[in-house]
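Below: data-v2.txt (compact mmCIF, N, CA and C atoms)
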```txt
# COMPACT_ATOMS: atom_id res chain seq x y z
N MET A 58 -65.25 78.27 79.87
CA MET A 58 -65.62 79.64 79.54
C MET A 58 -64.45 80.57 79.91
N PRO A 59 -63.96 81.36 78.97
CA PRO A 59 -62.83 82.24 79.24
C PRO A 59 -63.22 83.41 80.15
N VAL A 60 -62.22 83.96 80.82
CA VAL A 60 -62.43 85.15 81.65
C VAL A 60 -62.50 86.35 80.71
N GLN A 61 -63.52 87.17 80.90
CA GLN A 61 -63.65 88.39 80.10
C GLN A 61 -63.56 89.60 81.01
N ILE A 62 -62.92 90.65 80.51
CA ILE A 62 -62.83 91.90 81.25
C ILE A 62 -63.29 93.03 80.35
N ASN A 63 -63.73 94.10 80.99
CA ASN A 63 -64.17 95.26 80.23
C ASN A 63 -62.97 96.12 79.88
N ASN A 64 -62.75 96.34 78.60
CA ASN A 64 -61.68 97.22 78.14
C ASN A 64 -62.29 98.60 77.98
N SER A 65 -61.99 99.50 78.90
CA SER A 65 -62.60 100.83 78.88
C SER A 65 -62.10 101.68 77.70
N LEU A 66 -60.96 101.31 77.13
CA LEU A 66 -60.44 102.06 75.98
C LEU A 66 -61.31 101.83 74.74
N ILE A 67 -61.70 100.58 74.51
CA ILE A 67 -62.52 100.28 73.33
C ILE A 67 -63.99 100.09 73.68
N ARG A 68 -64.31 100.21 74.98
CA ARG A 68 -65.69 100.16 75.48
C ARG A 68 -66.42 98.87 75.15
N ARG A 69 -65.72 97.76 75.33
CA ARG A 69 -66.38 96.46 75.20
C ARG A 69 -65.58 95.39 75.94
N LYS A 70 -66.22 94.27 76.17
CA LYS A 70 -65.56 93.16 76.85
C LYS A 70 -64.66 92.42 75.89
N GLU A 71 -63.55 91.92 76.44
CA GLU A 71 -62.66 91.10 75.64
C GLU A 71 -62.08 90.00 76.52
N GLU A 72 -61.60 88.95 75.88
CA GLU A 72 -61.06 87.82 76.60
C GLU A 72 -59.75 88.20 77.27
N PHE A 73 -59.63 87.81 78.55
CA PHE A 73 -58.41 88.07 79.30
C PHE A 73 -57.36 87.04 78.92
N SER A 74 -56.19 87.53 78.55
CA SER A 74 -55.09 86.65 78.16
C SER A 74 -53.80 87.19 78.78
N PRO A 75 -53.23 86.47 79.78
CA PRO A 75 -52.00 86.96 80.40
C PRO A 75 -50.82 86.91 79.43
N LEU A 76 -49.82 87.72 79.70
CA LEU A 76 -48.64 87.78 78.82
C LEU A 76 -47.88 86.47 78.81
N THR A 77 -47.82 85.79 79.96
CA THR A 77 -47.10 84.52 80.06
C THR A 77 -48.00 83.47 80.72
N PRO A 78 -48.95 82.94 79.96
CA PRO A 78 -49.90 81.98 80.51
C PRO A 78 -49.19 80.77 81.12
N PRO A 79 -49.65 80.21 82.19
CA PRO A 79 -50.86 80.55 82.94
C PRO A 79 -50.60 81.51 84.10
N THR A 80 -49.46 82.23 84.05
CA THR A 80 -49.12 83.14 85.14
C THR A 80 -49.64 84.54 84.88
N VAL A 81 -50.26 85.11 85.91
CA VAL A 81 -50.73 86.50 85.87
C VAL A 81 -49.90 87.27 86.87
N ASN A 82 -49.25 88.34 86.42
CA ASN A 82 -48.48 89.21 87.31
C ASN A 82 -49.32 90.44 87.63
N MET A 83 -49.54 90.68 88.91
CA MET A 83 -50.31 91.84 89.35
C MET A 83 -49.43 92.73 90.22
N TYR A 84 -49.31 93.99 89.85
CA TYR A 84 -48.61 94.98 90.68
C TYR A 84 -49.60 96.09 90.96
N THR A 85 -49.89 96.31 92.24
CA THR A 85 -50.85 97.35 92.59
C THR A 85 -50.24 98.30 93.61
N CYS A 86 -50.72 99.52 93.61
CA CYS A 86 -50.30 100.51 94.59
C CYS A 86 -51.12 100.37 95.85
N GLY A 87 -50.45 100.44 96.98
CA GLY A 87 -51.15 100.45 98.26
C GLY A 87 -51.54 101.88 98.59
N VAL A 88 -52.07 102.04 99.78
CA VAL A 88 -52.53 103.37 100.19
C VAL A 88 -51.36 104.19 100.71
N THR A 89 -51.48 105.50 100.59
CA THR A 89 -50.58 106.44 101.22
C THR A 89 -51.43 107.20 102.24
N VAL A 90 -51.33 106.79 103.49
CA VAL A 90 -52.20 107.36 104.51
C VAL A 90 -51.47 108.48 105.24
N TYR A 91 -51.86 109.71 104.96
CA TYR A 91 -51.28 110.85 105.66
C TYR A 91 -52.37 111.79 106.14
N ASP A 92 -53.61 111.32 106.16
CA ASP A 92 -54.74 112.10 106.64
C ASP A 92 -55.75 111.12 107.22
N ASP A 93 -56.94 111.58 107.48
CA ASP A 93 -57.97 110.71 108.04
C ASP A 93 -58.26 109.54 107.11
N CYS A 94 -58.50 108.39 107.71
CA CYS A 94 -58.85 107.21 106.91
C CYS A 94 -60.25 107.37 106.31
N HIS A 95 -60.45 106.77 105.15
CA HIS A 95 -61.76 106.80 104.51
C HIS A 95 -61.95 105.49 103.74
N ILE A 96 -63.14 105.28 103.21
CA ILE A 96 -63.49 104.02 102.56
C ILE A 96 -62.61 103.72 101.34
N GLY A 97 -62.08 104.74 100.71
CA GLY A 97 -61.20 104.55 99.55
C GLY A 97 -59.95 103.77 99.90
N HIS A 98 -59.45 103.94 101.13
CA HIS A 98 -58.28 103.19 101.56
C HIS A 98 -58.60 101.70 101.60
N ALA A 99 -59.73 101.34 102.14
CA ALA A 99 -60.13 99.94 102.23
C ALA A 99 -60.37 99.36 100.84
N ARG A 100 -60.97 100.14 99.96
CA ARG A 100 -61.28 99.65 98.61
C ARG A 100 -60.02 99.20 97.88
N SER A 101 -58.98 100.00 97.97
CA SER A 101 -57.75 99.64 97.25
C SER A 101 -57.14 98.35 97.78
N LEU A 102 -57.40 98.03 99.05
CA LEU A 102 -56.86 96.81 99.62
C LEU A 102 -57.68 95.58 99.24
N TYR A 103 -58.99 95.68 99.31
CA TYR A 103 -59.79 94.47 99.11
C TYR A 103 -60.11 94.18 97.64
N ILE A 104 -60.24 95.17 96.79
CA ILE A 104 -60.68 94.91 95.41
C ILE A 104 -59.63 94.11 94.64
N PHE A 105 -58.35 94.45 94.81
CA PHE A 105 -57.33 93.71 94.08
C PHE A 105 -57.10 92.32 94.67
N ASP A 106 -57.33 92.18 95.98
CA ASP A 106 -57.27 90.85 96.59
C ASP A 106 -58.41 89.98 96.06
N LEU A 107 -59.57 90.57 95.87
CA LEU A 107 -60.71 89.85 95.31
C LEU A 107 -60.41 89.40 93.88
N ILE A 108 -59.83 90.28 93.08
CA ILE A 108 -59.46 89.92 91.70
C ILE A 108 -58.43 88.78 91.72
N ARG A 109 -57.43 88.88 92.60
CA ARG A 109 -56.41 87.84 92.73
C ARG A 109 -57.03 86.49 93.06
N LYS A 110 -57.94 86.48 94.03
CA LYS A 110 -58.60 85.23 94.43
C LYS A 110 -59.43 84.65 93.29
N TYR A 111 -60.11 85.50 92.54
CA TYR A 111 -60.91 85.02 91.42
C TYR A 111 -60.04 84.40 90.33
N LEU A 112 -58.94 85.06 90.02
CA LEU A 112 -58.04 84.53 88.99
C LEU A 112 -57.43 83.19 89.43
N LYS A 113 -57.09 83.06 90.71
CA LYS A 113 -56.59 81.78 91.22
C LYS A 113 -57.68 80.71 91.12
N TYR A 114 -58.91 81.09 91.45
CA TYR A 114 -60.04 80.17 91.35
C TYR A 114 -60.22 79.68 89.91
N ARG A 115 -59.98 80.56 88.96
CA ARG A 115 -60.13 80.20 87.55
C ARG A 115 -58.92 79.44 86.99
N GLY A 116 -57.91 79.17 87.83
CA GLY A 116 -56.81 78.32 87.41
C GLY A 116 -55.52 79.01 87.05
N PHE A 117 -55.45 80.31 87.20
CA PHE A 117 -54.22 81.04 86.90
C PHE A 117 -53.27 80.97 88.08
N ASN A 118 -51.97 81.00 87.80
CA ASN A 118 -50.95 81.19 88.84
C ASN A 118 -50.77 82.70 88.96
N VAL A 119 -50.99 83.23 90.14
CA VAL A 119 -50.98 84.69 90.31
C VAL A 119 -49.79 85.10 91.17
N LYS A 120 -48.98 86.00 90.63
CA LYS A 120 -47.91 86.66 91.39
C LYS A 120 -48.42 88.06 91.71
N PHE A 121 -48.62 88.32 92.99
CA PHE A 121 -49.27 89.55 93.43
C PHE A 121 -48.32 90.37 94.28
N VAL A 122 -48.07 91.61 93.86
CA VAL A 122 -47.20 92.53 94.60
C VAL A 122 -47.98 93.81 94.86
N ARG A 123 -47.93 94.26 96.11
CA ARG A 123 -48.60 95.53 96.47
C ARG A 123 -47.54 96.48 97.01
N ASN A 124 -47.48 97.67 96.45
CA ASN A 124 -46.55 98.69 96.88
C ASN A 124 -47.09 99.36 98.15
N ILE A 125 -46.22 99.53 99.14
CA ILE A 125 -46.57 100.30 100.33
C ILE A 125 -45.69 101.55 100.30
N THR A 126 -46.32 102.71 100.28
CA THR A 126 -45.60 103.96 100.13
C THR A 126 -44.74 104.27 101.34
N ASP A 127 -43.51 104.68 101.09
CA ASP A 127 -42.61 105.07 102.17
C ASP A 127 -43.07 106.38 102.79
N ILE A 128 -42.64 106.58 104.00
CA ILE A 128 -42.89 107.86 104.68
C ILE A 128 -42.00 108.89 104.02
N ASP A 129 -42.58 110.04 103.69
CA ASP A 129 -41.77 111.11 103.10
C ASP A 129 -41.97 112.39 103.91
N ASP A 130 -41.30 113.47 103.51
CA ASP A 130 -41.36 114.73 104.25
C ASP A 130 -42.78 115.27 104.37
N LYS A 131 -43.56 115.14 103.32
CA LYS A 131 -44.94 115.63 103.34
C LYS A 131 -45.74 114.95 104.45
N ILE A 132 -45.57 113.66 104.59
CA ILE A 132 -46.30 112.90 105.61
C ILE A 132 -45.78 113.26 107.00
N ILE A 133 -44.46 113.39 107.15
CA ILE A 133 -43.87 113.75 108.44
C ILE A 133 -44.34 115.14 108.87
N ASN A 134 -44.36 116.09 107.96
CA ASN A 134 -44.81 117.44 108.28
C ASN A 134 -46.28 117.48 108.68
N ARG A 135 -47.11 116.67 108.04
CA ARG A 135 -48.53 116.61 108.41
C ARG A 135 -48.72 116.03 109.80
N ALA A 136 -47.85 115.11 110.19
CA ALA A 136 -47.98 114.47 111.51
C ALA A 136 -47.64 115.48 112.60
```

Now, as a test, write the supplied structure out as structure tokens.
Amino acid sequence: MPVQINNSLIRRKEEFSPLTPPTVNMYTCGVTVYDDCHIGHARSLYIFDLIRKYLKYRGFNVKFVRNITDIDDKIINRA
């Protein structure tokens, strides 16, 4: 049974097909924490890890990269 994902652009499910089968490349943004922590920070960390684990379970080779935002002046000034 193929993996299906919801395509929000066309509002229906379609079969997932990586650009270079069987490898799936995932690039996700990490959190930029410069204020109080909240549940949204945790969500961004666990949801993409869950997707990665599921794709590996289904037999895909997954290359997973998560961006961690550098400290910038805005964050330093808030501190």

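Distance-wise, atom CA of Cys94 of chain A and atom N of Ile108 of chain A end up 21.9 Å apart.
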
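Checking A:Lys113, A:Arg123, A:Arg68, A:Lys131 one by one against Cys86 of chain A, counting only C-alpha atoms, you find the shortest gap at A:Arg123.
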
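Proximity ranking of A:Asp130, A:Phe117, A:Lys110, A:Asp93 relative to Pro59 of chain A places A:Phe117 first, based on only C-alpha atoms.
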
Could you give me, as a ChimeraX atom specification, the residues within 8 Å of Val119 of chain A, counting only C-alpha atoms and dropping anything in the same chain fewer than 5 positions from it? /A:80-83,109,112-113

Can you pull out the residues contacting Asn63 of chain A? Cut-off 10 Å, using only C-alpha atoms, and skip same-chain residues under 5 positions away; I want them as a ChimeraX atom specification. /A:68-73

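For chain A, backbone-based DSSP assignment of strand (DSSP E) covers Gln61, Ile62, Asn63, Asn64, Arg69, Lys70, Glu71, Glu72, Thr80, Val81, Asn82, Met83, Tyr84, Thr85, Cys86, Asn118, Val119, Lys120, Phe121, Val122, Arg123 and Asn124 of chain A.
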
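If only C-alpha atoms are the atoms counted, then among A:Leu107, A:Thr85, A:His98, A:Val60 the closest residue to Phe121 of chain A is A:Thr85.
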
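From atom CA of Tyr103 of chain A back to atom CA of Pro79 of chain A, the distance works out to 23.1 Å.
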
Among chain A, which residues does DSSP mark as alpha helix (DSSP H) when it is run on the backbone? Keep the chain and numbering as in the structure and answer as JSON, numbers by chain. {"A": [96, 97, 98, 99, 100, 101, 102, 103, 104, 105, 106, 107, 108, 109, 110, 111, 112, 113, 114, 130, 131, 132, 133, 134, 135]}

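Here atom N of Ala99 of chain A stands at a distance of 15.7 Å from atom C of Val122 of chain A.
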
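Proximity ranking of A:Ile67, A:Met58, A:Leu76, A:Val88 relative to Leu102 of chain A places A:Val88 first, based on only C-alpha atoms.
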
Return segment 72-88 of chain A, completed with N, CA, C and O atoms, as a compact mmCIF listing (two decimals), keeping the file's coordinate frame.
```
# COMPACT_ATOMS: atom_id res chain seq x y z
N GLU A 72 -61.60 88.95 75.88
CA GLU A 72 -61.06 87.82 76.60
C GLU A 72 -59.75 88.20 77.27
O GLU A 72 -58.89 88.83 76.68
N PHE A 73 -59.63 87.81 78.55
CA PHE A 73 -58.41 88.07 79.30
C PHE A 73 -57.36 87.04 78.92
O PHE A 73 -57.60 85.84 78.94
N SER A 74 -56.19 87.53 78.55
CA SER A 74 -55.09 86.65 78.16
C SER A 74 -53.80 87.19 78.78
O SER A 74 -53.31 88.25 78.38
N PRO A 75 -53.23 86.47 79.78
CA PRO A 75 -52.00 86.96 80.40
C PRO A 75 -50.82 86.91 79.43
O PRO A 75 -50.83 86.15 78.46
N LEU A 76 -49.82 87.72 79.70
CA LEU A 76 -48.64 87.78 78.82
C LEU A 76 -47.88 86.47 78.81
O LEU A 76 -47.34 86.07 77.78
N THR A 77 -47.82 85.79 79.96
CA THR A 77 -47.10 84.52 80.06
C THR A 77 -48.00 83.47 80.72
O THR A 77 -47.84 83.17 81.89
N PRO A 78 -48.95 82.94 79.96
CA PRO A 78 -49.90 81.98 80.51
C PRO A 78 -49.19 80.77 81.12
O PRO A 78 -48.14 80.37 80.60
N PRO A 79 -49.65 80.21 82.19
CA PRO A 79 -50.86 80.55 82.94
C PRO A 79 -50.60 81.51 84.10
O PRO A 79 -51.39 81.63 85.01
N THR A 80 -49.46 82.23 84.05
CA THR A 80 -49.12 83.14 85.14
C THR A 80 -49.64 84.54 84.88
O THR A 80 -49.47 85.08 83.79
N VAL A 81 -50.26 85.11 85.91
CA VAL A 81 -50.73 86.50 85.87
C VAL A 81 -49.90 87.27 86.87
O VAL A 81 -49.80 86.89 88.04
N ASN A 82 -49.25 88.34 86.42
CA ASN A 82 -48.48 89.21 87.31
C ASN A 82 -49.32 90.44 87.63
O ASN A 82 -49.75 91.15 86.72
N MET A 83 -49.54 90.68 88.91
CA MET A 83 -50.31 91.84 89.35
C MET A 83 -49.43 92.73 90.22
O MET A 83 -48.86 92.27 91.20
N TYR A 84 -49.31 93.99 89.85
CA TYR A 84 -48.61 94.98 90.68
C TYR A 84 -49.60 96.09 90.96
O TYR A 84 -50.11 96.72 90.04
N THR A 85 -49.89 96.31 92.24
CA THR A 85 -50.85 97.35 92.59
C THR A 85 -50.24 98.30 93.61
O THR A 85 -49.35 97.92 94.38
N CYS A 86 -50.72 99.52 93.61
CA CYS A 86 -50.30 100.51 94.59
C CYS A 86 -51.12 100.37 95.85
O CYS A 86 -52.33 100.20 95.79
N GLY A 87 -50.45 100.44 96.98
CA GLY A 87 -51.15 100.45 98.26
C GLY A 87 -51.54 101.88 98.59
O GLY A 87 -51.36 102.81 97.82
N VAL A 88 -52.07 102.04 99.78
CA VAL A 88 -52.53 103.37 100.19
C VAL A 88 -51.36 104.19 100.71
O VAL A 88 -50.36 103.66 101.17
```
